[in-house]
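Raw structure-v9.txt, compact mmCIF, N, CA and C atoms:
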```
# COMPACT_ATOMS: atom_id res chain seq x y z
N MET A 1 -2.97 18.23 -4.60
CA MET A 1 -2.31 16.93 -4.67
C MET A 1 -3.18 16.00 -5.51
N ASN A 2 -2.57 15.22 -6.37
CA ASN A 2 -3.34 14.33 -7.21
C ASN A 2 -3.72 13.04 -6.47
N ILE A 3 -4.55 12.24 -7.09
CA ILE A 3 -5.07 11.02 -6.45
C ILE A 3 -3.94 10.08 -6.06
N GLN A 4 -3.01 9.84 -6.97
CA GLN A 4 -1.92 8.91 -6.70
C GLN A 4 -1.11 9.33 -5.47
N ARG A 5 -0.70 10.56 -5.42
CA ARG A 5 0.11 11.05 -4.28
C ARG A 5 -0.70 11.07 -3.00
N THR A 6 -1.97 11.47 -3.08
CA THR A 6 -2.82 11.50 -1.89
C THR A 6 -3.03 10.10 -1.34
N LEU A 7 -3.37 9.15 -2.20
CA LEU A 7 -3.58 7.77 -1.77
C LEU A 7 -2.29 7.19 -1.18
N LYS A 8 -1.17 7.42 -1.85
CA LYS A 8 0.12 6.94 -1.32
C LYS A 8 0.42 7.51 0.05
N SER A 9 0.20 8.79 0.21
CA SER A 9 0.46 9.45 1.48
C SER A 9 -0.41 8.86 2.60
N ILE A 10 -1.67 8.65 2.31
CA ILE A 10 -2.59 8.06 3.30
C ILE A 10 -2.13 6.65 3.67
N LEU A 11 -1.74 5.85 2.68
CA LEU A 11 -1.30 4.47 2.96
C LEU A 11 0.03 4.44 3.70
N ILE A 12 0.93 5.36 3.38
CA ILE A 12 2.21 5.43 4.09
C ILE A 12 1.96 5.75 5.57
N ASP A 13 1.10 6.72 5.83
CA ASP A 13 0.78 7.05 7.23
C ASP A 13 0.14 5.87 7.95
N TYR A 14 -0.81 5.21 7.28
CA TYR A 14 -1.51 4.07 7.88
C TYR A 14 -0.55 2.93 8.18
N LEU A 15 0.30 2.58 7.23
CA LEU A 15 1.22 1.46 7.44
C LEU A 15 2.35 1.84 8.41
N SER A 16 2.69 3.11 8.49
CA SER A 16 3.67 3.54 9.50
C SER A 16 3.14 3.27 10.90
N ASP A 17 1.84 3.41 11.07
CA ASP A 17 1.20 3.15 12.37
C ASP A 17 0.93 1.67 12.61
N ASN A 18 0.96 0.86 11.55
CA ASN A 18 0.60 -0.56 11.66
C ASN A 18 1.70 -1.51 11.20
N LYS A 19 2.93 -1.05 11.19
CA LYS A 19 4.05 -1.89 10.74
C LYS A 19 4.43 -2.89 11.84
N PRO A 20 5.01 -4.02 11.45
CA PRO A 20 5.35 -5.07 12.41
C PRO A 20 6.35 -4.67 13.48
N THR A 21 7.38 -3.88 13.11
CA THR A 21 8.38 -3.42 14.07
C THR A 21 8.78 -1.98 13.74
N GLU A 22 9.33 -1.30 14.73
CA GLU A 22 9.70 0.10 14.57
C GLU A 22 10.85 0.32 13.58
N ASP A 23 11.68 -0.69 13.36
CA ASP A 23 12.84 -0.49 12.49
C ASP A 23 12.50 -0.56 11.00
N ILE A 24 11.25 -0.84 10.65
CA ILE A 24 10.84 -0.90 9.25
C ILE A 24 10.52 0.52 8.77
N GLU A 25 11.18 0.93 7.70
CA GLU A 25 10.94 2.24 7.10
C GLU A 25 9.79 2.11 6.10
N VAL A 26 8.80 3.00 6.18
CA VAL A 26 7.66 3.00 5.26
C VAL A 26 7.81 4.21 4.35
N ILE A 27 7.89 3.94 3.04
CA ILE A 27 8.26 5.00 2.09
C ILE A 27 7.43 4.95 0.81
N ASP A 28 7.54 6.01 0.04
CA ASP A 28 7.06 6.03 -1.34
C ASP A 28 8.03 5.17 -2.15
N ALA A 29 7.52 4.28 -2.97
CA ALA A 29 8.38 3.36 -3.74
C ALA A 29 9.34 4.09 -4.67
N LYS A 30 9.05 5.32 -5.01
CA LYS A 30 9.97 6.10 -5.86
C LYS A 30 11.28 6.40 -5.13
N ARG A 31 11.31 6.25 -3.81
CA ARG A 31 12.52 6.46 -3.01
C ARG A 31 13.19 5.14 -2.62
N LEU A 32 12.81 4.04 -3.21
CA LEU A 32 13.29 2.72 -2.80
C LEU A 32 14.81 2.60 -2.89
N ASP A 33 15.42 3.22 -3.86
CA ASP A 33 16.87 3.11 -4.00
C ASP A 33 17.63 3.81 -2.87
N LEU A 34 16.94 4.69 -2.11
CA LEU A 34 17.58 5.40 -1.00
C LEU A 34 17.24 4.78 0.36
N ALA A 35 16.37 3.78 0.36
CA ALA A 35 15.86 3.23 1.62
C ALA A 35 16.85 2.28 2.28
N THR A 36 16.77 2.24 3.60
CA THR A 36 17.49 1.22 4.36
C THR A 36 16.52 0.08 4.61
N LEU A 37 17.06 -1.12 4.67
CA LEU A 37 16.20 -2.29 4.88
C LEU A 37 16.14 -2.63 6.36
N PRO A 38 15.03 -3.15 6.81
CA PRO A 38 13.81 -3.53 6.10
C PRO A 38 12.96 -2.31 5.74
N THR A 39 12.17 -2.45 4.67
CA THR A 39 11.35 -1.34 4.22
C THR A 39 10.02 -1.84 3.66
N LEU A 40 9.03 -0.99 3.78
CA LEU A 40 7.75 -1.14 3.10
C LEU A 40 7.65 0.00 2.11
N ALA A 41 7.51 -0.31 0.83
CA ALA A 41 7.46 0.72 -0.21
C ALA A 41 6.10 0.67 -0.89
N ILE A 42 5.41 1.81 -0.92
CA ILE A 42 4.06 1.87 -1.44
C ILE A 42 4.08 2.55 -2.80
N GLU A 43 3.36 1.95 -3.76
CA GLU A 43 3.26 2.51 -5.10
C GLU A 43 1.85 2.32 -5.63
N VAL A 44 1.35 3.34 -6.31
CA VAL A 44 0.11 3.21 -7.06
C VAL A 44 0.56 2.94 -8.49
N THR A 45 0.36 1.71 -8.93
CA THR A 45 0.96 1.27 -10.20
C THR A 45 0.12 1.57 -11.42
N ASN A 46 -1.16 1.85 -11.23
CA ASN A 46 -2.02 2.12 -12.38
C ASN A 46 -3.23 2.93 -11.91
N GLU A 47 -3.64 3.87 -12.73
CA GLU A 47 -4.86 4.63 -12.50
C GLU A 47 -5.67 4.61 -13.78
N ALA A 48 -6.98 4.41 -13.64
CA ALA A 48 -7.86 4.44 -14.80
C ALA A 48 -9.23 4.96 -14.37
N ALA A 49 -9.87 5.68 -15.26
CA ALA A 49 -11.21 6.17 -14.97
C ALA A 49 -12.14 4.98 -14.77
N HIS A 50 -13.03 5.09 -13.80
CA HIS A 50 -13.99 4.02 -13.53
C HIS A 50 -14.92 3.84 -14.72
N SER A 51 -15.47 4.94 -15.21
CA SER A 51 -16.36 4.92 -16.38
C SER A 51 -16.55 6.35 -16.86
N GLN A 52 -17.17 6.48 -18.01
CA GLN A 52 -17.43 7.81 -18.53
C GLN A 52 -18.45 8.54 -17.67
N ALA A 53 -19.41 7.83 -17.14
CA ALA A 53 -20.44 8.43 -16.30
C ALA A 53 -19.86 8.89 -14.96
N LEU A 54 -18.91 8.13 -14.44
CA LEU A 54 -18.27 8.47 -13.17
C LEU A 54 -16.84 8.95 -13.45
N TRP A 55 -16.73 10.05 -14.18
CA TRP A 55 -15.45 10.55 -14.68
C TRP A 55 -14.47 10.91 -13.58
N ASN A 56 -14.97 11.27 -12.37
CA ASN A 56 -14.06 11.66 -11.30
C ASN A 56 -13.79 10.52 -10.32
N VAL A 57 -14.22 9.31 -10.67
CA VAL A 57 -13.95 8.12 -9.86
C VAL A 57 -12.85 7.32 -10.55
N ILE A 58 -11.80 7.01 -9.80
CA ILE A 58 -10.62 6.37 -10.37
C ILE A 58 -10.40 4.99 -9.75
N VAL A 59 -10.04 4.04 -10.60
CA VAL A 59 -9.65 2.70 -10.14
C VAL A 59 -8.13 2.68 -10.11
N CYS A 60 -7.57 2.39 -8.94
CA CYS A 60 -6.12 2.38 -8.77
C CYS A 60 -5.65 0.99 -8.39
N GLN A 61 -4.52 0.59 -8.94
CA GLN A 61 -3.84 -0.63 -8.51
C GLN A 61 -2.75 -0.20 -7.53
N VAL A 62 -2.71 -0.84 -6.38
CA VAL A 62 -1.75 -0.50 -5.34
C VAL A 62 -0.80 -1.68 -5.14
N SER A 63 0.47 -1.36 -5.02
CA SER A 63 1.51 -2.36 -4.77
C SER A 63 2.26 -1.95 -3.52
N ILE A 64 2.40 -2.91 -2.59
CA ILE A 64 3.12 -2.66 -1.35
C ILE A 64 4.25 -3.69 -1.26
N LEU A 65 5.47 -3.22 -1.36
CA LEU A 65 6.65 -4.09 -1.33
C LEU A 65 7.24 -4.12 0.07
N TYR A 66 7.41 -5.33 0.60
CA TYR A 66 8.13 -5.51 1.86
C TYR A 66 9.46 -6.16 1.51
N ARG A 67 10.56 -5.43 1.74
CA ARG A 67 11.90 -5.91 1.37
C ARG A 67 12.77 -6.01 2.62
N VAL A 68 13.42 -7.17 2.77
CA VAL A 68 14.36 -7.39 3.88
C VAL A 68 15.62 -8.04 3.33
N HIS A 69 16.73 -7.88 4.06
CA HIS A 69 17.95 -8.62 3.74
C HIS A 69 17.70 -10.08 4.08
N ALA A 70 18.09 -10.97 3.21
CA ALA A 70 17.81 -12.39 3.39
C ALA A 70 18.41 -12.94 4.68
N GLY A 71 19.57 -12.53 5.07
CA GLY A 71 20.21 -13.06 6.26
C GLY A 71 19.83 -12.37 7.56
N ASP A 72 19.03 -11.31 7.48
CA ASP A 72 18.72 -10.52 8.66
C ASP A 72 17.47 -10.98 9.41
N VAL A 73 16.75 -11.94 8.88
CA VAL A 73 15.48 -12.33 9.48
C VAL A 73 15.29 -13.84 9.42
N GLU A 74 14.83 -14.40 10.53
CA GLU A 74 14.49 -15.83 10.57
C GLU A 74 13.14 -16.02 9.88
N GLN A 75 12.89 -17.23 9.39
CA GLN A 75 11.63 -17.49 8.68
C GLN A 75 10.42 -17.22 9.57
N SER A 76 10.49 -17.60 10.84
CA SER A 76 9.33 -17.39 11.73
C SER A 76 9.06 -15.90 11.94
N GLU A 77 10.13 -15.11 12.05
CA GLU A 77 9.97 -13.66 12.20
C GLU A 77 9.41 -13.05 10.91
N LEU A 78 9.92 -13.50 9.77
CA LEU A 78 9.41 -13.03 8.48
C LEU A 78 7.93 -13.36 8.36
N ASP A 79 7.54 -14.57 8.72
CA ASP A 79 6.13 -14.96 8.65
C ASP A 79 5.26 -14.07 9.52
N GLU A 80 5.74 -13.73 10.71
CA GLU A 80 5.00 -12.83 11.61
C GLU A 80 4.86 -11.44 11.00
N HIS A 81 5.93 -10.94 10.40
CA HIS A 81 5.88 -9.62 9.77
C HIS A 81 4.87 -9.61 8.62
N LEU A 82 4.94 -10.64 7.78
CA LEU A 82 4.04 -10.70 6.64
C LEU A 82 2.58 -10.80 7.09
N GLU A 83 2.34 -11.55 8.15
CA GLU A 83 0.97 -11.68 8.68
C GLU A 83 0.47 -10.34 9.21
N THR A 84 1.31 -9.60 9.90
CA THR A 84 0.93 -8.29 10.43
C THR A 84 0.60 -7.32 9.30
N ILE A 85 1.43 -7.30 8.27
CA ILE A 85 1.20 -6.42 7.12
C ILE A 85 -0.10 -6.82 6.42
N GLU A 86 -0.27 -8.10 6.21
CA GLU A 86 -1.47 -8.58 5.52
C GLU A 86 -2.73 -8.25 6.31
N GLN A 87 -2.69 -8.40 7.62
CA GLN A 87 -3.85 -8.05 8.44
C GLN A 87 -4.18 -6.57 8.31
N ALA A 88 -3.17 -5.73 8.22
CA ALA A 88 -3.39 -4.29 8.11
C ALA A 88 -4.04 -3.90 6.79
N ILE A 89 -3.74 -4.62 5.72
CA ILE A 89 -4.27 -4.23 4.40
C ILE A 89 -5.38 -5.13 3.89
N GLN A 90 -5.69 -6.18 4.60
CA GLN A 90 -6.70 -7.14 4.13
C GLN A 90 -8.13 -6.67 4.41
N ASP A 91 -8.35 -5.98 5.52
CA ASP A 91 -9.69 -5.56 5.91
C ASP A 91 -10.10 -4.28 5.18
N PRO A 92 -11.07 -4.37 4.27
CA PRO A 92 -11.45 -3.17 3.52
C PRO A 92 -11.98 -2.05 4.40
N ASN A 93 -12.64 -2.38 5.49
CA ASN A 93 -13.19 -1.33 6.36
C ASN A 93 -12.10 -0.45 6.96
N SER A 94 -10.97 -1.04 7.28
CA SER A 94 -9.85 -0.25 7.82
C SER A 94 -9.34 0.75 6.79
N ILE A 95 -9.27 0.32 5.55
CA ILE A 95 -8.77 1.20 4.48
C ILE A 95 -9.82 2.25 4.12
N LEU A 96 -11.08 1.84 4.01
CA LEU A 96 -12.14 2.80 3.67
C LEU A 96 -12.22 3.92 4.69
N ALA A 97 -11.95 3.62 5.94
CA ALA A 97 -12.00 4.63 7.00
C ALA A 97 -10.89 5.67 6.88
N LEU A 98 -9.87 5.41 6.08
CA LEU A 98 -8.76 6.35 5.92
C LEU A 98 -9.14 7.57 5.09
N GLY A 99 -10.13 7.42 4.22
CA GLY A 99 -10.53 8.54 3.37
C GLY A 99 -11.46 9.47 4.11
N ASP A 100 -11.59 10.68 3.57
CA ASP A 100 -12.58 11.61 4.10
C ASP A 100 -13.05 12.51 2.96
N GLU A 101 -14.17 13.14 3.17
CA GLU A 101 -14.80 13.94 2.11
C GLU A 101 -13.94 15.12 1.64
N SER A 102 -13.01 15.59 2.47
CA SER A 102 -12.25 16.79 2.10
C SER A 102 -11.00 16.48 1.29
N SER A 103 -10.49 15.24 1.35
CA SER A 103 -9.27 14.96 0.61
C SER A 103 -9.42 13.82 -0.38
N LEU A 104 -9.79 12.66 0.10
CA LEU A 104 -9.88 11.49 -0.77
C LEU A 104 -10.98 10.58 -0.24
N VAL A 105 -11.94 10.28 -1.08
CA VAL A 105 -13.00 9.36 -0.71
C VAL A 105 -12.62 7.99 -1.26
N ILE A 106 -12.55 7.00 -0.38
CA ILE A 106 -12.23 5.63 -0.80
C ILE A 106 -13.53 4.85 -0.80
N PHE A 107 -13.96 4.40 -1.98
CA PHE A 107 -15.22 3.68 -2.11
C PHE A 107 -15.05 2.18 -1.92
N ASN A 108 -13.92 1.65 -2.37
CA ASN A 108 -13.74 0.20 -2.36
C ASN A 108 -12.26 -0.13 -2.23
N TRP A 109 -11.96 -1.22 -1.53
CA TRP A 109 -10.60 -1.73 -1.39
C TRP A 109 -10.68 -3.23 -1.51
N LEU A 110 -9.99 -3.79 -2.48
CA LEU A 110 -10.00 -5.24 -2.69
C LEU A 110 -8.56 -5.75 -2.62
N TYR A 111 -8.22 -6.39 -1.52
CA TYR A 111 -6.90 -6.99 -1.36
C TYR A 111 -6.81 -8.19 -2.31
N GLN A 112 -5.72 -8.28 -3.07
CA GLN A 112 -5.60 -9.31 -4.09
C GLN A 112 -4.53 -10.35 -3.81
N GLY A 113 -3.88 -10.27 -2.66
CA GLY A 113 -2.90 -11.29 -2.30
C GLY A 113 -1.47 -10.79 -2.43
N SER A 114 -0.54 -11.75 -2.32
CA SER A 114 0.87 -11.38 -2.36
C SER A 114 1.68 -12.42 -3.12
N THR A 115 2.85 -12.00 -3.56
CA THR A 115 3.81 -12.89 -4.19
C THR A 115 5.16 -12.64 -3.53
N GLN A 116 6.01 -13.67 -3.55
CA GLN A 116 7.32 -13.53 -2.91
C GLN A 116 8.41 -13.95 -3.88
N ASP A 117 9.50 -13.20 -3.83
CA ASP A 117 10.67 -13.50 -4.64
C ASP A 117 11.89 -13.31 -3.75
N TRP A 118 12.89 -14.12 -3.91
CA TRP A 118 14.08 -14.00 -3.08
C TRP A 118 15.31 -14.40 -3.87
N ASN A 119 16.44 -13.89 -3.40
CA ASN A 119 17.73 -14.30 -3.92
C ASN A 119 18.69 -14.35 -2.73
N ASP A 120 19.97 -14.44 -2.97
CA ASP A 120 20.93 -14.57 -1.88
C ASP A 120 20.96 -13.36 -0.95
N SER A 121 20.57 -12.19 -1.45
CA SER A 121 20.71 -10.99 -0.63
C SER A 121 19.38 -10.43 -0.10
N MET A 122 18.27 -10.59 -0.85
CA MET A 122 17.01 -9.96 -0.44
C MET A 122 15.83 -10.89 -0.58
N ILE A 123 14.83 -10.62 0.25
CA ILE A 123 13.52 -11.26 0.13
C ILE A 123 12.52 -10.15 -0.12
N ASP A 124 11.81 -10.24 -1.24
CA ASP A 124 10.78 -9.27 -1.60
C ASP A 124 9.42 -9.93 -1.56
N THR A 125 8.49 -9.33 -0.83
CA THR A 125 7.11 -9.77 -0.84
C THR A 125 6.28 -8.59 -1.31
N VAL A 126 5.48 -8.82 -2.36
CA VAL A 126 4.67 -7.75 -2.94
C VAL A 126 3.20 -8.07 -2.69
N PHE A 127 2.55 -7.16 -1.98
CA PHE A 127 1.12 -7.24 -1.72
C PHE A 127 0.43 -6.33 -2.72
N THR A 128 -0.70 -6.77 -3.28
CA THR A 128 -1.41 -5.94 -4.25
C THR A 128 -2.87 -5.78 -3.84
N ALA A 129 -3.44 -4.67 -4.28
CA ALA A 129 -4.84 -4.38 -4.01
C ALA A 129 -5.38 -3.47 -5.10
N GLU A 130 -6.69 -3.49 -5.24
CA GLU A 130 -7.36 -2.56 -6.14
C GLU A 130 -8.20 -1.62 -5.28
N CYS A 131 -8.18 -0.36 -5.63
CA CYS A 131 -8.85 0.66 -4.84
C CYS A 131 -9.66 1.56 -5.77
N ILE A 132 -10.88 1.89 -5.37
CA ILE A 132 -11.71 2.82 -6.13
C ILE A 132 -11.86 4.08 -5.30
N VAL A 133 -11.43 5.22 -5.86
CA VAL A 133 -11.34 6.47 -5.10
C VAL A 133 -11.80 7.67 -5.94
N THR A 134 -12.02 8.77 -5.27
CA THR A 134 -12.19 10.05 -5.93
C THR A 134 -11.51 11.12 -5.09
N ILE A 135 -10.95 12.11 -5.74
CA ILE A 135 -10.25 13.18 -5.05
C ILE A 135 -11.19 14.28 -4.60
N LYS A 136 -12.34 14.39 -5.23
CA LYS A 136 -13.30 15.44 -4.91
C LYS A 136 -14.39 14.91 -3.99
N PRO A 137 -14.97 15.79 -3.20
CA PRO A 137 -16.16 15.35 -2.47
C PRO A 137 -17.21 14.86 -3.46
N VAL A 138 -17.91 13.82 -3.10
CA VAL A 138 -18.83 13.15 -4.02
C VAL A 138 -19.91 14.09 -4.54
N ASN A 139 -20.44 14.97 -3.70
CA ASN A 139 -21.56 15.81 -4.11
C ASN A 139 -21.16 17.23 -4.48
N SER A 140 -19.91 17.47 -4.77
CA SER A 140 -19.50 18.85 -5.12
C SER A 140 -19.77 19.13 -6.58
N ASN A 141 -19.83 20.39 -6.89
CA ASN A 141 -20.06 20.81 -8.28
C ASN A 141 -18.78 21.26 -8.92
```
Starting from the file, give its structure as structure tokens.
Amino acid sequence: MNIQRTLKSILIDYLSDNKPTEDIEVIDAKRLDLATLPTLAIEVTNEAAHSQALWNVIVCQVSILYRVHAGDVEQSELDEHLETIEQAIQDPNSILALGDESSLVIFNWLYQGSTQDWNDSMIDTVFTAECIVTIKPVNSN
């Protein structure tokens, strides 16, 4: 499994365990068109080598979309959901603990905030973060 899929899988599992309510579906963003709302959709939007010296260390941009029907949620409930999601992804130690030497080592997690967009039918909140990872054990040959 490549870094993008492994990181997405780890984050989907983590957010499935830390979602605000049971009715929220946590998915790979590539399946967003098939999802029922409310949903959390995880995507690794960019991967780049950290440096030439650290060729197996990758810097990833992560995007987490929380989408709800505009009429299905009160503002206070939406605020509670957003706070719960943000608490789950804001603490770098929680995210760093998700990696392990056998699958994916997470060196750094930097939560970068969120933006919100809405129209008559949907409210989209996008949380972003930067993550530094490697797929191989650090000391392997």
What is the distance, in Å and to one decimal place, between atom N of Pro92 in chain A and atom C of Ala129 in chain A? 11.0 Å
Restricting the calculation to only C-alpha atoms, which member of A:Gln90, A:Thr21, A:Phe107, A:Leu98 is positioned closest to Ser9 in chain A?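 Closest candidate: A:Leu98.
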Write out as an MDAnalysis selection string which residues come within 6 Å of range 33-41 of chain A when counting only N, CA and C atoms, dropping same-chain ones fewer than 3 positions away. chainID A and resid 23:30 63:69
Please write the residues from the selection above to a file, keeping N, CA and C atoms, as a tab-separated table (two decimals), in the frame of the given file.
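So again10.tsv came out as:
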```tsv
chain	number	residue	atom	x	y	z
A	23	ASP	N	11.68	-0.69	13.36
A	23	ASP	CA	12.84	-0.49	12.49
A	23	ASP	C	12.50	-0.56	11.00
A	24	ILE	N	11.25	-0.84	10.65
A	24	ILE	CA	10.84	-0.90	9.25
A	24	ILE	C	10.52	0.52	8.77
A	25	GLU	N	11.18	0.93	7.70
A	25	GLU	CA	10.94	2.24	7.10
A	25	GLU	C	9.79	2.11	6.10
A	26	VAL	N	8.80	3.00	6.18
A	26	VAL	CA	7.66	3.00	5.26
A	26	VAL	C	7.81	4.21	4.35
A	27	ILE	N	7.89	3.94	3.04
A	27	ILE	CA	8.26	5.00	2.09
A	27	ILE	C	7.43	4.95	0.81
A	28	ASP	N	7.54	6.01	0.04
A	28	ASP	CA	7.06	6.03	-1.34
A	28	ASP	C	8.03	5.17	-2.15
A	29	ALA	N	7.52	4.28	-2.97
A	29	ALA	CA	8.38	3.36	-3.74
A	29	ALA	C	9.34	4.09	-4.67
A	30	LYS	N	9.05	5.32	-5.01
A	30	LYS	CA	9.97	6.10	-5.86
A	30	LYS	C	11.28	6.40	-5.13
A	63	SER	N	0.47	-1.36	-5.02
A	63	SER	CA	1.51	-2.36	-4.77
A	63	SER	C	2.26	-1.95	-3.52
A	64	ILE	N	2.40	-2.91	-2.59
A	64	ILE	CA	3.12	-2.66	-1.35
A	64	ILE	C	4.25	-3.69	-1.26
A	65	LEU	N	5.47	-3.22	-1.36
A	65	LEU	CA	6.65	-4.09	-1.33
A	65	LEU	C	7.24	-4.12	0.07
A	66	TYR	N	7.41	-5.33	0.60
A	66	TYR	CA	8.13	-5.51	1.86
A	66	TYR	C	9.46	-6.16	1.51
A	67	ARG	N	10.56	-5.43	1.74
A	67	ARG	CA	11.90	-5.91	1.37
A	67	ARG	C	12.77	-6.01	2.62
A	68	VAL	N	13.42	-7.17	2.77
A	68	VAL	CA	14.36	-7.39	3.88
A	68	VAL	C	15.62	-8.04	3.33
A	69	HIS	N	16.73	-7.88	4.06
A	69	HIS	CA	17.95	-8.62	3.74
A	69	HIS	C	17.70	-10.08	4.08
```
Go through A:Thr134, A:Val44, A:Val73, A:Ser16 one by one, measure the shortest atom-to-atom distance of each to Val105 in chain A using all atoms listed in the file, and give the residue with the smallest value.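 With all atoms listed in the file as the atom set, the closest residue is A:Thr134.
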When you look at Cys131 in chain A with a cut-off of 7 Å (counting all atoms listed in the file), what residues show up, excluding the ones that are within fewer than 2 positions of it in the same chain? I need them as a count of residues only. 12
Please identify the helix (DSSP H, G or I) residues within range 3-121 of chain A (assignment by DSSP from backbone atoms) and present them as a VMD selection string. chain A and resid 3 to 17 29 to 34 70 to 72 75 to 90 92 to 96
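One distance worth recording is that between CA of Glu47 in chain A and CA of Ile132 in chain A, which is 9.5 Å.
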Could you tell me how far CA of Trp55 in chain A sits from CA of Gly113 in chain A, in Å to one decimal place?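 Calculated distance between CA of Gly113 in chain A and CA of Trp55 in chain A is 28.1 Å.
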Which neighbours of Thr84 in chain A fall inside 9 Å, counting only C-alpha atoms, when residues of the same chain fewer than 3 positions from it are skipped, and could you give them as a PyMOL selection string? chain A and resi 18-20+79-81+87-89
Selected residues written out with N, CA and C atoms, as a PDB file, in the coordinates of the input:
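Once everything was written out, this is out.pdb:
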```
ATOM      1  N   ASN A  18       0.960   0.860  11.550  1.00  0.00           N
ATOM      2  CA  ASN A  18       0.600  -0.560  11.660  1.00  0.00           C
ATOM      3  C   ASN A  18       1.700  -1.510  11.200  1.00  0.00           C
ATOM      4  N   LYS A  19       2.930  -1.050  11.190  1.00  0.00           N
ATOM      5  CA  LYS A  19       4.050  -1.890  10.740  1.00  0.00           C
ATOM      6  C   LYS A  19       4.430  -2.890  11.840  1.00  0.00           C
ATOM      7  N   PRO A  20       5.010  -4.020  11.450  1.00  0.00           N
ATOM      8  CA  PRO A  20       5.350  -5.070  12.410  1.00  0.00           C
ATOM      9  C   PRO A  20       6.350  -4.670  13.480  1.00  0.00           C
ATOM     10  N   ASP A  79       7.540 -14.570   8.720  1.00  0.00           N
ATOM     11  CA  ASP A  79       6.130 -14.960   8.650  1.00  0.00           C
ATOM     12  C   ASP A  79       5.260 -14.070   9.520  1.00  0.00           C
ATOM     13  N   GLU A  80       5.740 -13.730  10.710  1.00  0.00           N
ATOM     14  CA  GLU A  80       5.000 -12.830  11.610  1.00  0.00           C
ATOM     15  C   GLU A  80       4.860 -11.440  11.000  1.00  0.00           C
ATOM     16  N   HIS A  81       5.930 -10.940  10.400  1.00  0.00           N
ATOM     17  CA  HIS A  81       5.880  -9.620   9.770  1.00  0.00           C
ATOM     18  C   HIS A  81       4.870  -9.610   8.620  1.00  0.00           C
ATOM     19  N   GLN A  87      -2.690  -8.400   7.620  1.00  0.00           N
ATOM     20  CA  GLN A  87      -3.850  -8.050   8.440  1.00  0.00           C
ATOM     21  C   GLN A  87      -4.180  -6.570   8.310  1.00  0.00           C
ATOM     22  N   ALA A  88      -3.170  -5.730   8.220  1.00  0.00           N
ATOM     23  CA  ALA A  88      -3.390  -4.290   8.110  1.00  0.00           C
ATOM     24  C   ALA A  88      -4.040  -3.900   6.790  1.00  0.00           C
ATOM     25  N   ILE A  89      -3.740  -4.620   5.720  1.00  0.00           N
ATOM     26  CA  ILE A  89      -4.270  -4.230   4.400  1.00  0.00           C
ATOM     27  C   ILE A  89      -5.380  -5.130   3.890  1.00  0.00           C
TER      28      ILE A  89
END
```
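Using only N, CA and C atoms, the shortest contact distance between Asn2 in chain A and any of A:Ile135, A:Asn46, A:Asp117, A:Asp72 is found at A:Ile135.
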From the list A:Leu82, A:Ile3, A:Leu96, A:Ile10, which residue is nearest Thr115 in chain A when using only C-alpha atoms?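 For Thr115 in chain A, the nearest of the candidates is A:Leu82.
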For range 113-118 of chain A, take all atoms listed in the file, fit an axis-aligned box around them, add 3 Å to each of the six sides, then output centre and edge lengths in Å rounded to one decimal, as AutoDock Vina command-line options.
```
--center_x 5.7 --center_y -12.3 --center_z -3.5 --size_x 25.2 --size_y 10.1 --size_z 8.3
```
Report the residues of range 39-135 of chain A whose backbone DSSP state falls under strand (DSSP E or B), written as a VMD selection string. chain A and resid 39 to 49 58 to 69 100 104 to 118 122 to 134
Range 101-112 of chain A from the block above: N, CA and C atoms written as a PDB file, in the first residue's frame:
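Once everything was written out, this is selection.pdb:
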```pdb
ATOM      1  N   GLU A 101       6.051   1.504  13.331  1.00  0.00           N
ATOM      2  CA  GLU A 101       7.240   1.198  12.529  1.00  0.00           C
ATOM      3  C   GLU A 101       6.978   0.214  11.389  1.00  0.00           C
ATOM      4  N   SER A 102       5.928  -0.597  11.481  1.00  0.00           N
ATOM      5  CA  SER A 102       5.711  -1.623  10.458  1.00  0.00           C
ATOM      6  C   SER A 102       4.895  -1.134   9.270  1.00  0.00           C
ATOM      7  N   SER A 103       4.132  -0.045   9.432  1.00  0.00           N
ATOM      8  CA  SER A 103       3.314   0.395   8.309  1.00  0.00           C
ATOM      9  C   SER A 103       3.602   1.833   7.902  1.00  0.00           C
ATOM     10  N   LEU A 104       3.436   2.751   8.810  1.00  0.00           N
ATOM     11  CA  LEU A 104       3.603   4.165   8.474  1.00  0.00           C
ATOM     12  C   LEU A 104       4.119   4.899   9.708  1.00  0.00           C
ATOM     13  N   VAL A 105       5.240   5.552   9.570  1.00  0.00           N
ATOM     14  CA  VAL A 105       5.789   6.347  10.658  1.00  0.00           C
ATOM     15  C   VAL A 105       5.361   7.792  10.413  1.00  0.00           C
ATOM     16  N   ILE A 106       4.688   8.380  11.386  1.00  0.00           N
ATOM     17  CA  ILE A 106       4.261   9.778  11.290  1.00  0.00           C
ATOM     18  C   ILE A 106       5.204  10.604  12.147  1.00  0.00           C
ATOM     19  N   PHE A 107       5.975  11.485  11.512  1.00  0.00           N
ATOM     20  CA  PHE A 107       6.956  12.298  12.223  1.00  0.00           C
ATOM     21  C   PHE A 107       6.367  13.605  12.731  1.00  0.00           C
ATOM     22  N   ASN A 108       5.445  14.176  11.967  1.00  0.00           N
ATOM     23  CA  ASN A 108       4.934  15.502  12.305  1.00  0.00           C
ATOM     24  C   ASN A 108       3.514  15.652  11.785  1.00  0.00           C
ATOM     25  N   TRP A 109       2.693  16.375  12.534  1.00  0.00           N
ATOM     26  CA  TRP A 109       1.322  16.695  12.133  1.00  0.00           C
ATOM     27  C   TRP A 109       1.084  18.143  12.508  1.00  0.00           C
ATOM     28  N   LEU A 110       0.770  18.965  11.535  1.00  0.00           N
ATOM     29  CA  LEU A 110       0.516  20.383  11.784  1.00  0.00           C
ATOM     30  C   LEU A 110      -0.885  20.727  11.290  1.00  0.00           C
ATOM     31  N   TYR A 111      -1.812  20.892  12.221  1.00  0.00           N
ATOM     32  CA  TYR A 111      -3.175  21.291  11.878  1.00  0.00           C
ATOM     33  C   TYR A 111      -3.130  22.740  11.402  1.00  0.00           C
ATOM     34  N   GLN A 112      -3.779  23.023  10.270  1.00  0.00           N
ATOM     35  CA  GLN A 112      -3.689  24.344   9.665  1.00  0.00           C
ATOM     36  C   GLN A 112      -4.994  25.129   9.676  1.00  0.00           C
TER      37      GLN A 112
END
```
